[in-house]
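Engineer: So here's upload22.cif (mmCIF, C-alpha atoms).
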data_query
loop_
_atom_site.label_atom_id
_atom_site.label_comp_id
_atom_site.auth_asym_id
_atom_site.auth_seq_id
_atom_site.Cartn_x
_atom_site.Cartn_y
_atom_site.Cartn_z
CA MET A 1 22.57 0.40 -17.89
CA SER A 2 21.37 3.81 -18.93
CA ILE A 3 17.90 5.28 -18.28
CA LYS A 4 16.56 7.72 -20.86
CA ARG A 5 13.19 9.41 -20.40
CA ILE A 6 11.06 10.72 -23.26
CA GLN A 7 8.50 13.55 -22.94
CA VAL A 8 9.10 13.87 -19.21
CA ALA A 9 6.45 15.70 -17.20
CA GLU A 10 5.73 16.05 -13.50
CA ARG A 11 3.31 13.12 -13.42
CA MET A 12 4.81 10.70 -15.90
CA SER A 13 7.16 10.24 -18.83
CA GLN A 14 5.58 9.08 -22.07
CA ALA A 15 8.33 6.49 -22.46
CA VAL A 16 11.37 5.33 -20.52
CA ILE A 17 14.28 3.42 -22.04
CA HIS A 18 16.33 1.17 -19.78
CA GLY A 19 19.13 -0.64 -21.54
CA ASN A 20 17.47 -2.32 -24.49
CA THR A 21 13.90 -2.13 -23.19
CA VAL A 22 11.34 0.65 -23.66
CA TYR A 23 8.32 1.09 -21.37
CA THR A 24 5.59 3.44 -22.58
CA ALA A 25 2.93 5.19 -20.57
CA GLY A 26 -0.63 4.08 -21.25
CA GLN A 27 -1.67 5.99 -24.37
CA VAL A 28 -5.13 7.43 -24.88
CA ALA A 29 -6.63 9.11 -27.94
CA ILE A 30 -5.61 12.69 -27.15
CA ASP A 31 -6.54 13.70 -30.71
CA ALA A 32 -9.84 11.80 -30.84
CA PRO A 33 -11.60 12.22 -27.47
CA GLY A 34 -15.16 10.97 -27.42
CA GLU A 35 -14.88 9.34 -30.84
CA SER A 36 -15.57 5.68 -31.67
CA ALA A 37 -13.36 2.92 -30.29
CA ALA A 38 -12.01 2.40 -33.82
CA LYS A 39 -11.08 6.07 -34.21
CA GLN A 40 -9.55 6.16 -30.75
CA THR A 41 -7.54 3.01 -31.44
CA GLU A 42 -6.26 4.48 -34.71
CA ASN A 43 -5.15 7.60 -32.90
CA ILE A 44 -3.50 5.65 -30.07
CA LEU A 45 -1.58 3.42 -32.47
CA ALA A 46 -0.39 6.42 -34.49
CA ARG A 47 0.77 8.02 -31.25
CA LEU A 48 2.52 4.79 -30.25
CA ASP A 49 4.27 4.66 -33.64
CA ALA A 50 5.58 8.18 -33.07
CA LEU A 51 6.61 7.44 -29.51
CA LEU A 52 8.42 4.25 -30.48
CA ALA A 53 10.20 6.16 -33.27
CA GLU A 54 11.27 8.81 -30.79
CA ALA A 55 12.64 6.00 -28.60
CA GLY A 56 14.56 4.57 -31.55
CA THR A 57 12.44 1.51 -32.24
CA ASP A 58 9.19 0.48 -33.96
CA LYS A 59 6.18 -1.82 -33.72
CA SER A 60 8.11 -4.80 -35.13
CA LYS A 61 9.94 -4.93 -31.80
CA LEU A 62 6.93 -4.97 -29.46
CA LEU A 63 7.32 -7.39 -26.57
CA SER A 64 4.11 -6.90 -24.59
CA ALA A 65 0.95 -4.81 -24.79
CA THR A 66 -1.80 -4.14 -22.27
CA ILE A 67 -5.11 -2.87 -23.61
CA TRP A 68 -7.78 -1.45 -21.35
CA LEU A 69 -11.29 -0.92 -22.69
CA SER A 70 -13.83 0.97 -20.63
CA ASP A 71 -16.49 -1.24 -22.25
CA MET A 72 -15.61 -4.73 -23.45
CA GLY A 73 -18.37 -4.29 -26.02
CA ASP A 74 -15.71 -2.40 -28.01
CA PHE A 75 -13.47 -5.49 -28.21
CA ASN A 76 -14.15 -6.34 -31.86
CA GLU A 77 -14.02 -2.74 -32.99
CA MET A 78 -10.66 -2.16 -31.29
CA ASN A 79 -9.30 -5.43 -32.69
CA SER A 80 -10.31 -4.52 -36.24
CA ILE A 81 -7.77 -1.69 -36.04
CA TRP A 82 -5.20 -3.49 -33.89
CA ASP A 83 -5.02 -6.57 -36.12
CA THR A 84 -4.17 -4.57 -39.21
CA TRP A 85 -1.60 -2.44 -37.35
CA VAL A 86 0.48 -5.27 -35.88
CA ALA A 87 3.59 -6.08 -37.91
CA PRO A 88 2.94 -9.56 -39.36
CA GLY A 89 5.04 -12.16 -37.57
CA HIS A 90 5.99 -9.69 -34.85
CA ALA A 91 2.90 -9.60 -32.61
CA PRO A 92 3.57 -8.89 -28.93
CA GLY A 93 2.22 -10.77 -25.96
CA ARG A 94 -1.07 -9.05 -25.11
CA ALA A 95 -3.72 -8.76 -22.42
CA CYS A 96 -7.00 -6.92 -22.99
CA VAL A 97 -9.26 -6.26 -20.02
CA GLU A 98 -12.12 -3.97 -19.06
CA SER A 99 -11.35 -1.00 -16.83
CA LYS A 100 -12.76 2.48 -16.75
CA LEU A 101 -10.14 5.06 -17.69
CA ALA A 102 -9.14 8.40 -16.20
CA ALA A 103 -11.67 10.41 -18.22
CA PRO A 104 -14.95 9.28 -19.79
CA GLN A 105 -14.07 10.66 -23.25
CA PHE A 106 -11.36 8.01 -23.45
CA THR A 107 -12.59 4.46 -23.87
CA VAL A 108 -9.38 2.75 -25.06
CA GLU A 109 -5.92 2.84 -23.47
CA ILE A 110 -2.84 0.94 -24.63
CA GLY A 111 0.58 0.66 -23.00
CA VAL A 112 3.48 -1.38 -24.40
CA ILE A 113 6.91 -2.71 -23.62
CA ALA A 114 9.21 -2.84 -26.65
CA ALA A 115 12.78 -3.76 -27.44
CA LEU A 116 15.29 -1.23 -28.73
CA ASP A 117 17.22 -3.97 -30.44
CA MET B 1 19.60 -8.76 -27.83
CA SER B 2 17.50 -11.29 -29.66
CA ILE B 3 13.69 -11.35 -29.86
CA LYS B 4 12.02 -14.75 -30.17
CA ARG B 5 8.26 -15.08 -30.49
CA ILE B 6 6.29 -18.18 -29.47
CA GLN B 7 2.91 -19.19 -30.96
CA VAL B 8 2.77 -16.08 -33.12
CA ALA B 9 -0.64 -15.13 -34.53
CA GLU B 10 -2.02 -12.05 -36.21
CA ARG B 11 -3.29 -10.53 -32.97
CA MET B 12 -0.67 -11.57 -30.45
CA SER B 13 2.11 -13.96 -29.63
CA GLN B 14 1.57 -16.22 -26.64
CA ALA B 15 5.06 -15.38 -25.38
CA VAL B 16 7.95 -13.18 -26.45
CA ILE B 17 11.54 -13.69 -25.30
CA HIS B 18 13.84 -10.67 -25.25
CA GLY B 19 17.34 -11.41 -24.04
CA ASN B 20 16.82 -13.16 -20.71
CA THR B 21 13.24 -12.02 -20.14
CA VAL B 22 10.00 -13.72 -21.22
CA TYR B 23 6.69 -11.84 -21.49
CA THR B 24 3.55 -13.97 -21.84
CA ALA B 25 0.17 -13.00 -23.18
CA GLY B 26 -2.65 -12.98 -20.65
CA GLN B 27 -3.76 -16.62 -20.41
CA VAL B 28 -7.37 -17.67 -20.06
CA ALA B 29 -8.84 -21.13 -19.50
CA ILE B 30 -9.21 -22.18 -23.14
CA ASP B 31 -9.85 -25.76 -22.02
CA ALA B 32 -12.27 -24.90 -19.18
CA PRO B 33 -14.57 -22.11 -20.39
CA GLY B 34 -17.47 -21.40 -18.07
CA GLU B 35 -16.10 -23.63 -15.33
CA SER B 36 -15.39 -22.58 -11.73
CA ALA B 37 -12.63 -20.11 -10.92
CA ALA B 38 -10.64 -22.99 -9.41
CA LYS B 39 -10.94 -25.11 -12.56
CA GLN B 40 -10.11 -22.13 -14.75
CA THR B 41 -7.06 -21.28 -12.62
CA GLU B 42 -5.85 -24.89 -12.84
CA ASN B 43 -6.15 -24.80 -16.60
CA ILE B 44 -4.42 -21.43 -16.89
CA LEU B 45 -1.51 -22.51 -14.71
CA ALA B 46 -1.09 -25.74 -16.68
CA ARG B 47 -1.06 -23.68 -19.86
CA LEU B 48 1.49 -21.30 -18.34
CA ASP B 49 3.71 -24.25 -17.37
CA ALA B 50 3.63 -25.46 -20.97
CA LEU B 51 4.27 -21.99 -22.35
CA LEU B 52 7.19 -21.37 -20.00
CA ALA B 53 8.64 -24.76 -20.95
CA GLU B 54 8.34 -23.88 -24.62
CA ALA B 55 10.21 -20.64 -23.83
CA GLY B 56 12.95 -22.59 -22.06
CA THR B 57 12.11 -21.69 -18.48
CA ASP B 58 9.72 -22.64 -15.66
CA LYS B 59 7.66 -21.25 -12.78
CA SER B 60 10.67 -21.13 -10.46
CA LYS B 61 11.88 -18.16 -12.51
CA LEU B 62 8.73 -16.03 -12.42
CA LEU B 63 9.43 -12.34 -11.90
CA SER B 64 5.98 -10.76 -12.00
CA ALA B 65 2.37 -11.89 -12.43
CA THR B 66 -0.81 -9.93 -13.08
CA ILE B 67 -4.10 -11.65 -12.28
CA TRP B 68 -7.41 -10.27 -13.45
CA LEU B 69 -10.63 -11.64 -11.99
CA SER B 70 -13.96 -10.69 -13.50
CA ASP B 71 -15.43 -10.99 -9.99
CA MET B 72 -13.24 -10.40 -6.93
CA GLY B 73 -15.53 -12.82 -5.11
CA ASP B 74 -13.39 -15.52 -6.75
CA PHE B 75 -10.25 -14.28 -4.97
CA ASN B 76 -9.99 -17.06 -2.40
CA GLU B 77 -10.92 -19.77 -4.86
CA MET B 78 -8.26 -18.62 -7.33
CA ASN B 79 -5.67 -18.32 -4.57
CA SER B 80 -6.35 -21.86 -3.34
CA ILE B 81 -4.96 -23.10 -6.66
CA TRP B 82 -2.33 -20.40 -7.13
CA ASP B 83 -0.76 -20.90 -3.68
CA THR B 84 -0.15 -24.59 -4.24
CA TRP B 85 1.22 -24.01 -7.75
CA VAL B 86 3.86 -21.41 -6.90
CA ALA B 87 7.36 -22.86 -6.49
CA PRO B 88 8.15 -22.45 -2.76
CA GLY B 89 10.69 -19.68 -2.24
CA HIS B 90 10.30 -18.50 -5.82
CA ALA B 91 7.05 -16.51 -5.74
CA PRO B 92 6.84 -13.63 -8.23
CA GLY B 93 5.74 -10.09 -7.55
CA ARG B 94 1.97 -10.09 -8.09
CA ALA B 95 -1.01 -7.82 -8.55
CA CYS B 96 -4.58 -9.14 -8.57
CA VAL B 97 -7.38 -6.79 -9.59
CA GLU B 98 -10.96 -6.98 -10.83
CA SER B 99 -11.61 -6.45 -14.54
CA LYS B 100 -14.09 -8.01 -16.87
CA LEU B 101 -12.38 -10.13 -19.52
CA ALA B 102 -12.80 -10.45 -23.27
CA ALA B 103 -15.50 -13.12 -23.07
CA PRO B 104 -17.91 -13.89 -20.22
CA GLN B 105 -17.01 -17.60 -20.11
CA PHE B 106 -13.58 -16.58 -18.87
CA THR B 107 -13.46 -15.22 -15.33
CA VAL B 108 -9.72 -15.51 -14.61
CA GLU B 109 -6.78 -14.23 -16.68
CA ILE B 110 -3.10 -14.40 -15.75
CA GLY B 111 -0.10 -12.91 -17.53
CA VAL B 112 3.50 -13.21 -16.33
CA ILE B 113 7.01 -11.98 -16.86
CA ALA B 114 9.66 -14.63 -16.27
CA ALA B 115 13.43 -14.95 -16.48
CA LEU B 116 15.11 -17.35 -18.89
CA ASP B 117 18.10 -17.57 -16.62
CA MET C 1 21.49 -13.05 -14.78
CA SER C 2 20.67 -13.42 -11.13
CA ILE C 3 17.19 -13.48 -9.58
CA LYS C 4 16.84 -12.10 -6.05
CA ARG C 5 13.51 -12.14 -4.25
CA ILE C 6 12.57 -9.74 -1.46
CA GLN C 7 10.02 -10.49 1.29
CA VAL C 8 9.18 -13.87 -0.21
CA ALA C 9 5.94 -15.48 0.92
CA GLU C 10 3.88 -18.42 -0.31
CA ARG C 11 1.67 -16.27 -2.53
CA MET C 12 4.04 -13.59 -3.79
CA SER C 13 7.30 -11.80 -3.24
CA GLN C 14 7.08 -8.08 -2.55
CA ALA C 15 9.83 -7.45 -5.10
CA VAL C 16 11.94 -9.49 -7.48
CA ILE C 17 15.26 -8.33 -8.92
CA HIS C 18 16.36 -9.77 -12.26
CA GLY C 19 19.67 -8.42 -13.50
CA ASN C 20 19.25 -4.66 -13.39
CA THR C 21 15.44 -4.62 -13.24
CA VAL C 22 13.18 -4.69 -10.17
CA TYR C 23 9.52 -5.74 -10.33
CA THR C 24 7.39 -4.98 -7.28
CA ALA C 25 4.14 -6.55 -6.22
CA GLY C 26 1.11 -4.28 -6.31
CA GLN C 27 1.27 -2.32 -3.06
CA VAL C 28 -1.79 -1.43 -1.02
CA ALA C 29 -2.07 0.74 2.09
CA ILE C 30 -1.48 -1.94 4.71
CA ASP C 31 -1.06 0.76 7.35
CA ALA C 32 -4.04 2.89 6.28
CA PRO C 33 -6.92 0.55 5.40
CA GLY C 34 -10.22 2.31 4.87
CA GLU C 35 -8.64 5.77 4.93
CA SER C 36 -8.92 8.42 2.20
CA ALA C 37 -7.32 7.89 -1.19
CA ALA C 38 -4.74 10.54 -0.28
CA LYS C 39 -3.81 8.79 2.96
CA GLN C 40 -3.68 5.42 1.23
CA THR C 41 -1.48 6.82 -1.54
CA GLU C 42 0.88 8.34 1.02
CA ASN C 43 1.18 5.00 2.75
CA ILE C 44 1.70 3.09 -0.50
CA LEU C 45 4.41 5.45 -1.68
CA ALA C 46 6.20 5.26 1.68
CA ARG C 47 6.05 1.48 1.43
CA LEU C 48 7.37 1.64 -2.14
CA ASP C 49 10.25 3.85 -1.01
CA ALA C 50 11.18 1.27 1.62
CA LEU C 51 10.83 -1.62 -0.81
CA LEU C 52 12.94 0.09 -3.47
CA ALA C 53 15.59 0.85 -0.82
CA GLU C 54 15.61 -2.80 0.21
CA ALA C 55 16.12 -3.69 -3.45
CA GLY C 56 19.03 -1.27 -3.69
CA THR C 57 17.37 1.47 -5.72
CA ASP C 58 15.02 4.45 -5.33
CA LYS C 59 12.19 6.37 -6.97
CA SER C 60 14.57 8.30 -9.24
CA LYS C 61 15.03 5.04 -11.18
CA LEU C 62 11.38 4.17 -11.77
CA LEU C 63 10.71 2.85 -15.27
CA SER C 64 6.98 2.09 -15.22
CA ALA C 65 4.08 2.32 -12.78
CA THR C 66 0.58 0.88 -12.89
CA ILE C 67 -2.02 2.46 -10.64
CA TRP C 68 -5.38 0.84 -9.99
CA LEU C 69 -8.14 2.86 -8.34
CA SER C 70 -11.30 1.13 -7.20
CA ASP C 71 -13.13 4.40 -7.98
CA MET C 72 -11.78 6.76 -10.65
CA GLY C 73 -13.40 9.55 -8.66
CA ASP C 74 -10.23 9.36 -6.52
CA PHE C 75 -8.02 10.26 -9.50
CA ASN C 76 -7.27 13.86 -8.50
CA GLU C 77 -6.81 13.00 -4.85
CA MET C 78 -4.34 10.21 -5.65
CA ASN C 79 -2.49 12.46 -8.10
CA SER C 80 -2.12 15.24 -5.54
CA ILE C 81 0.11 12.89 -3.55
CA TRP C 82 1.73 11.13 -6.52
CA ASP C 83 2.79 14.36 -8.24
CA THR C 84 4.69 15.62 -5.22
CA TRP C 85 6.33 12.23 -4.62
CA VAL C 86 7.77 11.68 -8.09
CA ALA C 87 11.44 12.67 -8.39
CA PRO C 88 11.44 15.73 -10.68
CA GLY C 89 12.78 14.82 -14.12
CA HIS C 90 12.60 11.11 -13.34
CA ALA C 91 8.90 10.31 -13.77
CA PRO C 92 8.14 6.75 -14.92
CA GLY C 93 5.81 5.68 -17.68
CA ARG C 94 2.41 5.28 -16.04
CA ALA C 95 -1.05 3.85 -16.57
CA CYS C 96 -3.92 4.53 -14.16
CA VAL C 97 -7.15 2.57 -14.57
CA GLU C 98 -10.21 1.66 -12.52
CA SER C 99 -10.38 -1.84 -11.04
CA LYS C 100 -11.79 -3.09 -7.79
CA LEU C 101 -9.06 -4.44 -5.53
CA ALA C 102 -8.74 -7.58 -3.42
CA ALA C 103 -10.38 -6.06 -0.35
CA PRO C 104 -12.81 -3.15 -0.11
CA GLN C 105 -10.75 -1.30 2.53
CA PHE C 106 -8.09 -0.77 -0.14
CA THR C 107 -9.02 1.68 -2.88
CA VAL C 108 -5.57 2.38 -4.35
CA GLU C 109 -2.94 -0.11 -5.56
CA ILE C 110 0.38 0.72 -7.20
CA GLY C 111 2.96 -1.62 -8.73
CA VAL C 112 6.20 -0.49 -10.35
CA ILE C 113 9.13 -1.62 -12.43
CA ALA C 114 12.40 0.12 -11.53
CA ALA C 115 16.03 0.00 -12.56
CA LEU C 116 18.78 -1.02 -10.18
CA ASP C 117 21.25 1.04 -12.12
#
Just dump the structure as structure tokens.
Structural biologist:
Amino acid sequence: MSIKRIQVAERMSQAVIHGNTVYTAGQVAIDAPGESAAKQTENILARLDALLAEAGTDKSKLLSATIWLSDMGDFNEMNSIWDTWVAPGHAPGRACVESKLAAPQFTVEIGVIAALD
Amino acid sequence: MSIKRIQVAERMSQAVIHGNTVYTAGQVAIDAPGESAAKQTENILARLDALLAEAGTDKSKLLSATIWLSDMGDFNEMNSIWDTWVAPGHAPGRACVESKLAAPQFTVEIGVIAALD
Amino acid sequence: MSIKRIQVAERMSQAVIHGNTVYTAGQVAIDAPGESAAKQTENILARLDALLAEAGTDKSKLLSATIWLSDMGDFNEMNSIWDTWVAPGHAPGRACVESKLAAPQFTVEIGVIAALD
């Protein structure tokens, strides 16, 4: 099975495709640091859409998602964006837990596993 | 490869099957909120058994498990249930870390990846 | 698809191979408890190298890594070791979040998913 890496850097790749499975790095709101959890979630999901497209797939093929919130008090706000983004009938398995993230300006992080086909 | 989703809702599916691999959502003790870590773990593992059965597999085919405890002080209590549940000789890879969960009445959450065959 | 378990114990296996995919348990610095984050990371990555070799693969085939730090203040120190360990051009997807670990003498934990081929 082939391995294809997307946006490879020294520390991590933003996504790695192995056979028919795509693993993304945890995405933070690079374009919305320090903004509300809703704004950060919007930015993260837009970035995930682009990353999945670059990998040759889309959100209708999500298998699993892990969501880290630095403050679980943002749960409802994050979900208000997440719930409208998910492709109806194609929701992934999901876990959402509280963990501080690498930098305090980021309060939401989402990583996914998706299918290519 | 096919994708089959189990117990699909707006926010998440409880499990997603992709080819021969099953990804579950993080399971909490829906039937034992606010109870001890041992009782919650028992409930979660019973729910995982049912979910794996619905997916066409069982705990002897676990590949990986992630366990989140809202208080690592519950580590031994959770393990006392986990260790007797695991199918001897078929233990998955596992990580257990401390993270607060989505609601305070839930202090244990477990998500797994399993094989179909 | 076959399932092969490596270093199976009652509680967990240290790695599980399913088809062409390897899932490791979260690795802590068994040989460097209580030492600096850098020393612990060095030990963990050496242990991962050995585990991947036992599974029949190596760090050039990493797909995804999850890193838990008990104190995000160790982020740069952990990365100083991680960045030099990663096989250039073969970095995995990665998420790094703060979670307390099972025992206070361990402040870094890393679990990976890798390809066999």
Engineer: Between B:Glu10, B:Tyr23, B:Ile3, B:Gly93, single out the one closest to A:Val112, counting all atoms listed in the file.
Structural biologist: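 Checking each candidate against A:Val112, we get B:Tyr23 as the closest.
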Engineer: Just the number, please: distance in Å from atom CA of A:Ser13 to atom CA of A:Asp49, one decimal.
Structural biologist: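 Interatomic distance, atom CA of A:Ser13 to atom CA of A:Asp49: 16.1 Å.
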Engineer: Per residue of chain A within 7 Å of chain C, what are the shortest atom pair and its distance in Å to one decimal, counting all atoms listed in the file, with rows by chain and residue number, as a Markdown table?
Structural biologist:
| residue | atom | partner | partner_atom | distance |
| --- | --- | --- | --- | --- |
| A:Met1 | CA | C:Asp117 | CA | 6.0 |
| A:Val8 | CA | C:Gly89 | CA | 6.4 |
| A:Ala9 | CA | C:Ala91 | CA | 6.8 |
| A:Glu10 | CA | C:Asp83 | CA | 6.3 |
| A:Arg11 | CA | C:Asp83 | CA | 5.4 |
| A:Met12 | CA | C:Ala91 | CA | 4.6 |
| A:Ser13 | CA | C:Gly93 | CA | 4.9 |
| A:Gln14 | CA | C:Gly93 | CA | 5.6 |
| A:Ala15 | CA | C:Gly93 | CA | 5.5 |
| A:Val16 | CA | C:Leu63 | CA | 5.8 |
| A:Tyr23 | CA | C:Ser64 | CA | 6.4 |
| A:Thr24 | CA | C:Gly93 | CA | 5.4 |
| A:Ala25 | CA | C:Gly93 | CA | 4.1 |
| A:Gly26 | CA | C:Ala95 | CA | 4.7 |
| A:Ser99 | CA | C:Glu98 | CA | 5.2 |
| A:Lys100 | CA | C:Glu98 | CA | 5.0 |
| A:Leu101 | CA | C:Val97 | CA | 5.0 |
| A:Ala102 | CA | C:Met72 | CA | 6.4 |
Engineer: What is the atom CA of C:Asp31-atom CA of B:Gly111 distance in Å, reported with one decimal?
Structural biologist: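 So the two atoms, atom CA of C:Asp31 and atom CA of B:Gly111, lie 28.4 Å apart.
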Engineer: Atom CA of B:Gln27 and atom CA of B:Leu52, how far apart in Å?
Structural biologist: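 Going from atom CA of B:Leu52 over to atom CA of B:Gln27 covers 11.9 Å.
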Engineer: With distances taken over only C-alpha atoms, which residue among A:Ala32, A:Met78, A:Val22, A:Ala38 lies nearest A:Asp58?
Structural biologist: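 Under the stated criterion, the closest residue is A:Val22.
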Engineer: Could you list the residues chosen by the PyMOL selection byres ((chain B and resi 34) around 8) in this structure as a list in words?
Structural biologist: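 Applying the expression gives Ala32, Pro33, Glu35, Ser36, Pro104, Gln105, Phe106 and Thr107 of chain B.
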Engineer: Would you pick out the contacts of B:Asn43 at 6 Å or less, using all atoms listed in the file, so that residues sharing its chain but fewer than 3 positions from it are not included, and give the list as a list of chain:residue names?
Structural biologist: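 The filter keeps B:Ala29, B:Gln40, B:Ala46.
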